[in-house]
file query18.pdb (PDB, C-alpha atoms)
MODEL        1
ATOM      1  CA  MET A   1     -11.105  75.837 -32.540
ATOM      2  CA  ILE A   2     -13.847  73.620 -31.180
ATOM      3  CA  PRO A   3     -17.157  75.442 -30.721
ATOM      4  CA  LEU A   4     -18.452  75.583 -27.173
ATOM      5  CA  SER A   5     -21.785  74.148 -28.285
ATOM      6  CA  TRP A   6     -20.122  70.808 -29.085
ATOM      7  CA  TYR A   7     -19.134  70.409 -25.462
ATOM      8  CA  VAL A   8     -22.612  71.404 -24.288
ATOM      9  CA  ILE A   9     -24.215  68.855 -26.629
ATOM     10  CA  LEU A  10     -21.846  66.102 -25.488
ATOM     11  CA  SER A  11     -22.519  66.875 -21.862
ATOM     12  CA  ALA A  12     -26.290  66.965 -22.399
ATOM     13  CA  ALA A  13     -26.208  63.593 -24.143
ATOM     14  CA  LEU A  14     -24.094  62.099 -21.352
ATOM     15  CA  PHE A  15     -26.447  63.493 -18.723
ATOM     16  CA  THR A  16     -29.454  62.042 -20.528
ATOM     17  CA  ILE A  17     -27.846  58.605 -20.667
ATOM     18  CA  GLY A  18     -27.296  58.889 -16.922
ATOM     19  CA  VAL A  19     -30.914  59.845 -16.283
ATOM     20  CA  VAL A  20     -32.195  56.944 -18.391
ATOM     21  CA  GLY A  21     -29.867  54.612 -16.500
ATOM     22  CA  VAL A  22     -31.104  55.790 -13.116
ATOM     23  CA  PHE A  23     -34.758  55.432 -14.011
ATOM     24  CA  SER A  24     -34.697  52.186 -15.950
ATOM     25  CA  ARG A  25     -32.114  49.834 -14.446
ATOM     26  CA  ARG A  26     -32.815  47.536 -11.496
ATOM     27  CA  ASN A  27     -29.287  46.880 -10.272
ATOM     28  CA  ILE A  28     -28.327  49.416  -7.619
ATOM     29  CA  PHE A  29     -24.665  49.486  -8.750
ATOM     30  CA  ILE A  30     -25.657  50.650 -12.209
ATOM     31  CA  LEU A  31     -27.896  53.271 -10.608
ATOM     32  CA  LEU A  32     -24.971  54.681  -8.636
ATOM     33  CA  MET A  33     -22.668  54.616 -11.656
ATOM     34  CA  SER A  34     -25.317  56.463 -13.660
ATOM     35  CA  ILE A  35     -25.260  59.161 -10.981
ATOM     36  CA  GLU A  36     -21.474  59.383 -11.413
ATOM     37  CA  LEU A  37     -22.122  59.716 -15.151
ATOM     38  CA  MET A  38     -24.373  62.706 -14.545
ATOM     39  CA  LEU A  39     -21.782  64.325 -12.275
ATOM     40  CA  ASN A  40     -19.178  63.849 -15.002
ATOM     41  CA  ALA A  41     -21.460  65.464 -17.576
ATOM     42  CA  ALA A  42     -21.723  68.479 -15.279
ATOM     43  CA  ASN A  43     -17.923  68.485 -14.895
ATOM     44  CA  ILE A  44     -17.416  68.597 -18.655
ATOM     45  CA  ASN A  45     -19.751  71.574 -18.832
ATOM     46  CA  PHE A  46     -17.961  73.342 -15.972
ATOM     47  CA  ILE A  47     -14.526  72.909 -17.506
ATOM     48  CA  ALA A  48     -15.643  73.811 -21.019
ATOM     49  CA  PHE A  49     -17.225  77.039 -19.808
ATOM     50  CA  SER A  50     -14.248  77.804 -17.578
ATOM     51  CA  HIS A  51     -11.957  77.444 -20.599
ATOM     52  CA  TYR A  52     -14.041  79.522 -22.948
ATOM     53  CA  LEU A  53     -14.781  82.274 -20.426
ATOM     54  CA  GLN A  54     -11.117  82.418 -19.302
ATOM     55  CA  SER A  55     -12.085  81.941 -15.656
ATOM     56  CA  LEU A  56     -10.870  79.418 -13.107
ATOM     57  CA  THR A  57     -14.103  79.238 -11.100
ATOM     58  CA  GLY A  58     -15.389  76.291 -13.124
ATOM     59  CA  GLN A  59     -12.272  74.261 -12.380
ATOM     60  CA  ILE A  60     -12.601  75.002  -8.646
ATOM     61  CA  PHE A  61     -16.181  73.772  -8.769
ATOM     62  CA  VAL A  62     -15.087  70.572 -10.464
ATOM     63  CA  ILE A  63     -12.713  69.903  -7.563
ATOM     64  CA  PHE A  64     -15.625  70.225  -5.143
ATOM     65  CA  VAL A  65     -17.842  68.021  -7.304
ATOM     66  CA  ILE A  66     -15.180  65.304  -7.306
ATOM     67  CA  THR A  67     -14.882  65.602  -3.501
ATOM     68  CA  VAL A  68     -18.619  65.202  -3.034
ATOM     69  CA  ALA A  69     -18.676  62.297  -5.499
ATOM     70  CA  ALA A  70     -15.983  60.491  -3.520
ATOM     71  CA  ALA A  71     -17.826  60.929  -0.215
ATOM     72  CA  GLU A  72     -21.107  59.921  -1.841
ATOM     73  CA  ALA A  73     -19.597  56.773  -3.329
ATOM     74  CA  ALA A  74     -18.173  55.705   0.022
ATOM     75  CA  VAL A  75     -21.420  56.195   1.950
ATOM     76  CA  ALA A  76     -23.600  54.734  -0.808
ATOM     77  CA  LEU A  77     -21.477  51.606  -1.102
ATOM     78  CA  ALA A  78     -21.651  51.129   2.665
ATOM     79  CA  ILE A  79     -25.446  51.371   2.432
ATOM     80  CA  ILE A  80     -25.436  48.835  -0.425
ATOM     81  CA  ILE A  81     -23.406  46.392   1.630
ATOM     82  CA  LEU A  82     -25.868  46.829   4.487
ATOM     83  CA  LEU A  83     -28.859  46.328   2.167
ATOM     84  CA  ALA A  84     -27.364  43.249   0.572
ATOM     85  CA  ARG A  85     -26.587  41.832   3.994
ATOM     86  CA  ASN A  86     -30.044  42.464   5.429
ATOM     87  CA  ARG A  87     -32.284  41.892   2.406
ATOM     88  CA  GLY A  88     -30.135  39.580   0.282
ATOM     89  CA  SER A  89     -30.665  41.495  -2.933
ATOM     90  CA  VAL A  90     -29.249  44.397  -4.942
ATOM     91  CA  TYR A  91     -32.349  45.068  -7.031
ATOM     92  CA  VAL A  92     -34.076  48.307  -6.208
ATOM     93  CA  ASP A  93     -37.601  47.105  -6.998
ATOM     94  CA  GLU A  94     -37.333  44.462  -4.284
ATOM     95  CA  PHE A  95     -36.740  47.056  -1.552
ATOM     96  CA  ASN A  96     -40.374  47.789  -0.774
ATOM     97  CA  ILE A  97     -40.401  47.509   3.000
ATOM     98  CA  MET A  98     -42.057  50.927   3.394
ATOM     99  CA  LYS A  99     -44.829  49.984   0.996
ATOM    100  CA  GLY A 100     -48.176  49.863   2.844
TER     101      GLY A 100
ATOM    102  CA  MET B   1      -8.829  70.978 -37.406
ATOM    103  CA  ILE B   2      -6.796  68.338 -35.581
ATOM    104  CA  ASN B   3      -8.451  69.497 -32.341
ATOM    105  CA  LYS B   4     -11.862  68.796 -33.806
ATOM    106  CA  VAL B   5     -10.836  65.303 -34.870
ATOM    107  CA  ILE B   6      -9.481  64.588 -31.385
ATOM    108  CA  PHE B   7     -12.644  65.958 -29.807
ATOM    109  CA  LEU B   8     -14.849  63.835 -32.043
ATOM    110  CA  TYR B   9     -12.857  60.722 -31.151
ATOM    111  CA  PHE B  10     -13.193  61.433 -27.418
ATOM    112  CA  ALA B  11     -16.890  62.263 -27.718
ATOM    113  CA  ALA B  12     -17.636  59.107 -29.719
ATOM    114  CA  VAL B  13     -15.838  56.857 -27.221
ATOM    115  CA  ILE B  14     -17.446  58.637 -24.254
ATOM    116  CA  LEU B  15     -20.962  58.247 -25.607
ATOM    117  CA  ALA B  16     -20.445  54.663 -26.754
ATOM    118  CA  SER B  17     -18.971  53.539 -23.452
ATOM    119  CA  ALA B  18     -21.691  55.380 -21.524
ATOM    120  CA  ILE B  19     -24.372  53.510 -23.442
ATOM    121  CA  MET B  20     -22.514  50.236 -22.959
ATOM    122  CA  MET B  21     -22.145  51.015 -19.249
ATOM    123  CA  VAL B  22     -25.870  51.543 -18.799
ATOM    124  CA  THR B  23     -26.921  48.486 -20.783
ATOM    125  CA  ARG B  24     -24.517  45.743 -19.640
ATOM    126  CA  ARG B  25     -25.948  42.887 -17.626
ATOM    127  CA  ASN B  26     -22.865  42.180 -15.522
ATOM    128  CA  PRO B  27     -21.940  45.043 -13.136
ATOM    129  CA  ILE B  28     -18.228  44.277 -13.525
ATOM    130  CA  HIS B  29     -18.439  44.942 -17.260
ATOM    131  CA  SER B  30     -20.207  48.195 -16.429
ATOM    132  CA  VAL B  31     -17.382  49.222 -14.107
ATOM    133  CA  LEU B  32     -14.807  48.491 -16.804
ATOM    134  CA  PHE B  33     -16.696  50.565 -19.374
ATOM    135  CA  MET B  34     -16.873  53.323 -16.781
ATOM    136  CA  LEU B  35     -13.073  53.156 -16.529
ATOM    137  CA  LEU B  36     -12.776  53.672 -20.302
ATOM    138  CA  LEU B  37     -15.194  56.586 -20.013
ATOM    139  CA  PHE B  38     -13.198  58.271 -17.250
ATOM    140  CA  PHE B  39      -9.966  57.978 -19.223
ATOM    141  CA  HIS B  40     -11.530  59.673 -22.223
ATOM    142  CA  ILE B  41     -13.104  62.395 -20.097
ATOM    143  CA  ALA B  42      -9.624  63.074 -18.717
ATOM    144  CA  GLY B  43      -8.415  63.389 -22.310
ATOM    145  CA  LEU B  44     -11.169  65.911 -22.942
ATOM    146  CA  PHE B  45      -9.970  67.886 -19.896
ATOM    147  CA  VAL B  46      -6.449  68.004 -21.347
ATOM    148  CA  LEU B  47      -7.948  69.316 -24.573
ATOM    149  CA  LEU B  48      -9.549  72.086 -22.501
ATOM    150  CA  ASN B  49      -6.254  73.101 -20.797
ATOM    151  CA  ALA B  50      -7.217  71.605 -17.441
ATOM    152  CA  GLU B  51      -4.244  69.283 -16.983
ATOM    153  CA  PHE B  52      -4.434  69.224 -13.196
ATOM    154  CA  LEU B  53      -8.081  68.204 -13.263
ATOM    155  CA  ALA B  54      -7.318  65.525 -15.820
ATOM    156  CA  ALA B  55      -4.823  64.066 -13.364
ATOM    157  CA  VAL B  56      -7.326  64.389 -10.513
ATOM    158  CA  GLN B  57      -9.961  62.692 -12.664
ATOM    159  CA  LEU B  58      -7.653  59.755 -13.279
ATOM    160  CA  ILE B  59      -6.363  59.457  -9.717
ATOM    161  CA  VAL B  60      -9.573  60.050  -7.772
ATOM    162  CA  TYR B  61     -12.271  58.770 -10.110
ATOM    163  CA  ALA B  62     -10.517  55.973 -11.962
ATOM    164  CA  GLY B  63      -8.087  55.131  -9.197
ATOM    165  CA  ALA B  64     -10.158  55.413  -6.028
ATOM    166  CA  ILE B  65     -13.907  55.537  -6.635
ATOM    167  CA  LEU B  66     -14.029  52.962  -9.399
ATOM    168  CA  ILE B  67     -11.803  50.522  -7.528
ATOM    169  CA  LEU B  68     -14.164  50.904  -4.555
ATOM    170  CA  TYR B  69     -17.093  50.008  -6.812
ATOM    171  CA  LEU B  70     -15.210  47.037  -8.224
ATOM    172  CA  PHE B  71     -14.394  45.784  -4.728
ATOM    173  CA  VAL B  72     -17.987  45.991  -3.553
ATOM    174  CA  VAL B  73     -19.349  44.349  -6.713
ATOM    175  CA  MET B  74     -16.926  41.470  -6.283
ATOM    176  CA  LEU B  75     -17.555  41.326  -2.524
ATOM    177  CA  LEU B  76     -21.309  40.904  -2.886
ATOM    178  CA  ASN B  77     -20.939  38.462  -5.780
ATOM    179  CA  VAL B  78     -24.509  38.498  -7.034
ATOM    180  CA  ASP B  79     -24.731  35.324  -9.091
ATOM    181  CA  LYS B  80     -28.347  35.523 -10.196
ATOM    182  CA  GLU B  81     -27.474  38.490 -12.413
ATOM    183  CA  SER B  82     -27.373  36.233 -15.464
ATOM    184  CA  ILE B  83     -31.066  35.347 -15.290
ATOM    185  CA  ALA B  84     -32.733  38.359 -13.652
ATOM    186  CA  ALA B  85     -34.248  41.130 -15.722
ATOM    187  CA  ARG B  86     -31.927  44.029 -16.421
ATOM    188  CA  ALA B  87     -34.408  46.885 -16.426
ATOM    189  CA  ASN B  88     -37.781  47.570 -14.914
ATOM    190  CA  ARG B  89     -40.846  47.279 -17.096
ATOM    191  CA  TYR B  90     -41.037  50.974 -17.942
ATOM    192  CA  TRP B  91     -37.670  51.163 -19.700
ATOM    193  CA  PRO B  92     -38.880  51.654 -23.309
ATOM    194  CA  TRP B  93     -40.873  54.722 -22.263
ATOM    195  CA  ILE B  94     -37.965  56.089 -20.236
ATOM    196  CA  ALA B  95     -35.514  55.520 -23.109
ATOM    197  CA  ALA B  96     -37.864  57.214 -25.577
ATOM    198  CA  PHE B  97     -38.272  60.126 -23.183
ATOM    199  CA  GLY B  98     -34.482  60.404 -22.835
ATOM    200  CA  ILE B  99     -33.977  60.441 -26.599
ATOM    201  CA  LEU B 100     -36.658  63.142 -26.833
ATOM    202  CA  ILE B 101     -34.978  65.298 -24.175
ATOM    203  CA  ALA B 102     -31.517  64.850 -25.718
ATOM    204  CA  GLY B 103     -32.828  65.723 -29.174
ATOM    205  CA  GLU B 104     -34.459  68.810 -27.797
ATOM    206  CA  VAL B 105     -31.268  69.973 -26.096
ATOM    207  CA  VAL B 106     -29.225  69.324 -29.248
ATOM    208  CA  LEU B 107     -31.723  71.299 -31.306
ATOM    209  CA  LEU B 108     -31.728  74.203 -28.855
ATOM    210  CA  VAL B 109     -27.952  74.367 -28.448
ATOM    211  CA  SER B 110     -27.174  74.008 -32.145
ATOM    212  CA  ARG B 111     -29.566  76.829 -33.051
ATOM    213  CA  GLY B 112     -28.288  79.170 -30.322
ATOM    214  CA  ILE B 113     -25.147  81.300 -30.452
ATOM    215  CA  PHE B 114     -22.721  81.352 -27.556
ATOM    216  CA  PRO B 115     -20.976  84.703 -27.037
ATOM    217  CA  ALA B 116     -17.788  82.805 -26.186
ATOM    218  CA  ASP B 117     -17.698  81.392 -29.726
ATOM    219  CA  GLU B 118     -17.623  84.808 -31.353
ATOM    220  CA  GLY B 119     -14.474  86.600 -30.229
ATOM    221  CA  GLN B 120     -12.190  83.766 -29.259
ATOM    222  CA  GLU B 121      -9.267  84.937 -27.149
ATOM    223  CA  PRO B 122      -5.951  83.110 -27.273
ATOM    224  CA  MET B 123      -5.774  80.287 -24.788
ATOM    225  CA  ARG B 124      -4.269  80.743 -21.360
ATOM    226  CA  LEU B 125      -0.693  79.657 -20.903
ATOM    227  CA  ALA B 126      -0.680  76.131 -19.556
ATOM    228  CA  SER B 127       2.475  76.625 -17.488
ATOM    229  CA  ASP B 128       0.882  78.567 -14.645
ATOM    230  CA  GLY B 129      -2.417  76.692 -14.717
ATOM    231  CA  VAL B 130      -1.841  74.755 -11.503
ATOM    232  CA  LEU B 131      -0.309  77.763  -9.735
ATOM    233  CA  SER B 132      -3.263  80.020 -10.410
ATOM    234  CA  LEU B 133      -5.676  77.207  -9.561
ATOM    235  CA  GLY B 134      -3.997  76.681  -6.194
ATOM    236  CA  THR B 135      -3.899  80.409  -5.452
ATOM    237  CA  GLU B 136      -7.579  80.703  -6.250
ATOM    238  CA  LEU B 137      -8.436  77.638  -4.152
ATOM    239  CA  TYR B 138      -6.508  78.737  -1.069
ATOM    240  CA  THR B 139      -7.537  82.400  -1.070
ATOM    241  CA  LYS B 140     -10.928  83.038  -2.591
ATOM    242  CA  TYR B 141     -12.398  79.580  -1.999
ATOM    243  CA  LEU B 142     -10.794  78.756   1.339
ATOM    244  CA  VAL B 143     -14.044  78.281   3.289
ATOM    245  CA  PRO B 144     -15.628  75.901   0.720
ATOM    246  CA  PHE B 145     -12.321  74.032   0.677
ATOM    247  CA  GLU B 146     -12.491  73.491   4.441
ATOM    248  CA  ILE B 147     -16.153  72.464   4.186
ATOM    249  CA  ALA B 148     -15.136  69.911   1.542
ATOM    250  CA  SER B 149     -12.680  68.401   4.003
ATOM    251  CA  VAL B 150     -15.475  68.139   6.593
ATOM    252  CA  VAL B 151     -17.654  66.411   3.967
ATOM    253  CA  LEU B 152     -14.885  63.905   3.327
ATOM    254  CA  LEU B 153     -14.499  63.266   7.050
ATOM    255  CA  VAL B 154     -18.230  62.690   7.456
ATOM    256  CA  GLY B 155     -18.184  60.319   4.476
ATOM    257  CA  LEU B 156     -15.300  58.371   5.981
ATOM    258  CA  VAL B 157     -16.856  58.029   9.431
ATOM    259  CA  GLY B 158     -20.307  57.330   8.005
ATOM    260  CA  ALA B 159     -19.077  54.559   5.741
ATOM    261  CA  VAL B 160     -17.245  52.851   8.595
ATOM    262  CA  MET B 161     -20.202  53.195  10.961
ATOM    263  CA  LEU B 162     -22.694  51.870   8.412
ATOM    264  CA  ALA B 163     -20.776  48.865   7.182
ATOM    265  CA  LYS B 164     -19.538  47.769  10.600
ATOM    266  CA  ILE B 165     -20.923  44.429  11.768
ATOM    267  CA  LYS B 166     -22.780  45.083  14.985
ATOM    268  CA  THR B 167     -21.859  42.783  17.838
ATOM    269  CA  LYS B 168     -24.208  41.991  20.683
ATOM    270  CA  GLU B 169     -22.754  42.723  24.071
TER     271      GLU B 169
ENDMDL
END
call {"tool": "encode", "arguments": {"input": "query18.pdb", "output": "structure tokens"}}
result
Amino acid sequence: MIPLSWYVILSAALFTIGVVGVFSRRNIFILLMSIELMLNAANINFIAFSHYLQSLTGQIFVIFVITVAAAEAAVALAIIILLARNRGSVYVDEFNIMKG
Amino acid sequence: MINKVIFLYFAAVILASAIMMVTRRNPIHSVLFMLLLFFHIAGLFVLLNAEFLAAVQLIVYAGAILILYLFVVMLLNVDKESIAARANRYWPWIAAFGILIAGEVVLLVSRGIFPADEGQEPMRLASDGVLSLGTELYTKYLVPFEIASVVLLVGLVGAVMLAKIKTKE
């Protein structure tokens, strides 16, 4: 039997990789994929706890997380297309139009 | 024992492909590593008796979301990726901070005791997993389910409205 703590450690490591990706990369695609990585880390935690606590609530939550991730990906990619069309770049440190 | 070996394989591939995903220069390579990652996360879900969610993970994440990413990456076709800097100038500090946080979590979790680890009950029967999931979703969680459909609708309309080319009349 796999201890629950193994799943928690894996999910924490995956989440940390996602956070480092969001804060250090310049390409906006990698930023969005790092966010998906963090959502997946949360999903692993949800399903592991739902299995070990013999409850289905975690699996229901994962369905909602996947729904929100799909909607988020669609809207975010539309925004990226708009940004690339208007500013000609996909690097987040070049989007400084609000900078005074 | 065999479960632990399978888990370790999945965990190793997940972590390796996550690191590769974050560090690749070409976004298309990142998307492909993400695909590998999603497949192995689905395998982890099967290990945890969540077969339906493993299928959803493959169909929705790997099949829909990732293909959308791939399309947009290829559509924009950013060719200066090969010379531009990958990360901003703070990345060594951020990476060190991430390693610190991850080490802290590992230390905390490995020293703690989860009550679920103590008296392990026999696993649920897999045969009625989808049935009980559907019953739960359509009775107890009906209102969040409907709200999720509204969220999807808003995402659909919003994406079309944003990416539409505006024509002057």
call {"tool": "interface_residues", "arguments": {"input": "query18.pdb", "of": "chain B", "to": "chain A", "cutoff": "6 Å", "atoms": "only C-alpha atoms", "output": "PyMOL selection string"}}
result
chain B and resi 4+22+87-88+91+95+98+102+106+116+152+155+159+162-163
call {"tool": "closest_residue", "arguments": {"input": "query18.pdb", "among": "B:Lys140, B:His40, B:Lys166, B:Arg86", "to": "Ala16 (chain B)", "atoms": "all atoms listed in the file"}}
result
B:His40
call {"tool": "atom_distance", "arguments": {"input": "query18.pdb", "atom1": "CA of Val5 (chain B)", "atom2": "CA of Arg111 (chain B)"}}
result
22.1 Å
call {"tool": "atom_distance", "arguments": {"input": "query18.pdb", "atom1": "CA of Ile6 (chain B)", "atom2": "CA of Leu37 (chain B)"}}
result
15.0 Å
call {"tool": "atom_distance", "arguments": {"input": "query18.pdb", "atom1": "CA of Leu35 (chain B)", "atom2": "CA of Tyr61 (chain B)"}}
result
8.6 Å
call {"tool": "build_atoms", "arguments": {"input": "query18.pdb", "residues": "region 20-40 of chain A", "atoms": "N, CA and C atoms", "output": "tab-separated table (two decimals), in the frame of the given file"}}
result
chain	number	residue	atom	x	y	z
A	20	VAL	N	-31.51	58.16	-17.94
A	20	VAL	CA	-32.20	56.94	-18.39
A	20	VAL	C	-31.70	55.74	-17.59
A	21	GLY	N	-30.40	55.71	-17.30
A	21	GLY	CA	-29.87	54.61	-16.50
A	21	GLY	C	-30.46	54.58	-15.11
A	22	VAL	N	-30.57	55.75	-14.48
A	22	VAL	CA	-31.10	55.79	-13.12
A	22	VAL	C	-32.54	55.33	-13.09
A	23	PHE	N	-33.33	55.73	-14.10
A	23	PHE	CA	-34.76	55.43	-14.01
A	23	PHE	C	-35.12	54.06	-14.56
A	24	SER	N	-34.25	53.43	-15.34
A	24	SER	CA	-34.70	52.19	-15.95
A	24	SER	C	-33.99	50.95	-15.42
A	25	ARG	N	-32.78	51.05	-14.87
A	25	ARG	CA	-32.11	49.83	-14.45
A	25	ARG	C	-32.60	49.38	-13.07
A	26	ARG	N	-32.41	48.08	-12.78
A	26	ARG	CA	-32.82	47.54	-11.50
A	26	ARG	C	-31.64	47.37	-10.55
A	27	ASN	N	-30.46	47.13	-11.11
A	27	ASN	CA	-29.29	46.88	-10.27
A	27	ASN	C	-28.81	48.18	-9.64
A	28	ILE	N	-28.62	48.17	-8.32
A	28	ILE	CA	-28.33	49.42	-7.62
A	28	ILE	C	-26.92	49.93	-7.94
A	29	PHE	N	-26.01	49.02	-8.35
A	29	PHE	CA	-24.66	49.49	-8.75
A	29	PHE	C	-24.74	50.35	-10.00
A	30	ILE	N	-25.54	49.89	-10.96
A	30	ILE	CA	-25.66	50.65	-12.21
A	30	ILE	C	-26.32	52.00	-11.94
A	31	LEU	N	-27.27	52.01	-10.99
A	31	LEU	CA	-27.90	53.27	-10.61
A	31	LEU	C	-26.85	54.26	-10.10
A	32	LEU	N	-25.99	53.78	-9.19
A	32	LEU	CA	-24.97	54.68	-8.64
A	32	LEU	C	-23.99	55.14	-9.71
A	33	MET	N	-23.61	54.22	-10.60
A	33	MET	CA	-22.67	54.62	-11.66
A	33	MET	C	-23.32	55.59	-12.63
A	34	SER	N	-24.63	55.48	-12.81
A	34	SER	CA	-25.32	56.46	-13.66
A	34	SER	C	-25.29	57.84	-13.01
A	35	ILE	N	-25.36	57.86	-11.67
A	35	ILE	CA	-25.26	59.16	-10.98
A	35	ILE	C	-23.87	59.76	-11.20
A	36	GLU	N	-22.83	58.90	-11.13
A	36	GLU	CA	-21.47	59.38	-11.41
A	36	GLU	C	-21.38	59.93	-12.84
A	37	LEU	N	-22.09	59.27	-13.75
A	37	LEU	CA	-22.12	59.72	-15.15
A	37	LEU	C	-22.70	61.13	-15.25
A	38	MET	N	-23.76	61.37	-14.50
A	38	MET	CA	-24.37	62.71	-14.54
A	38	MET	C	-23.43	63.75	-13.95
A	39	LEU	N	-22.74	63.38	-12.86
A	39	LEU	CA	-21.78	64.32	-12.28
A	39	LEU	C	-20.67	64.64	-13.27
A	40	ASN	N	-20.24	63.62	-14.03
A	40	ASN	CA	-19.18	63.85	-15.00
A	40	ASN	C	-19.65	64.72	-16.14
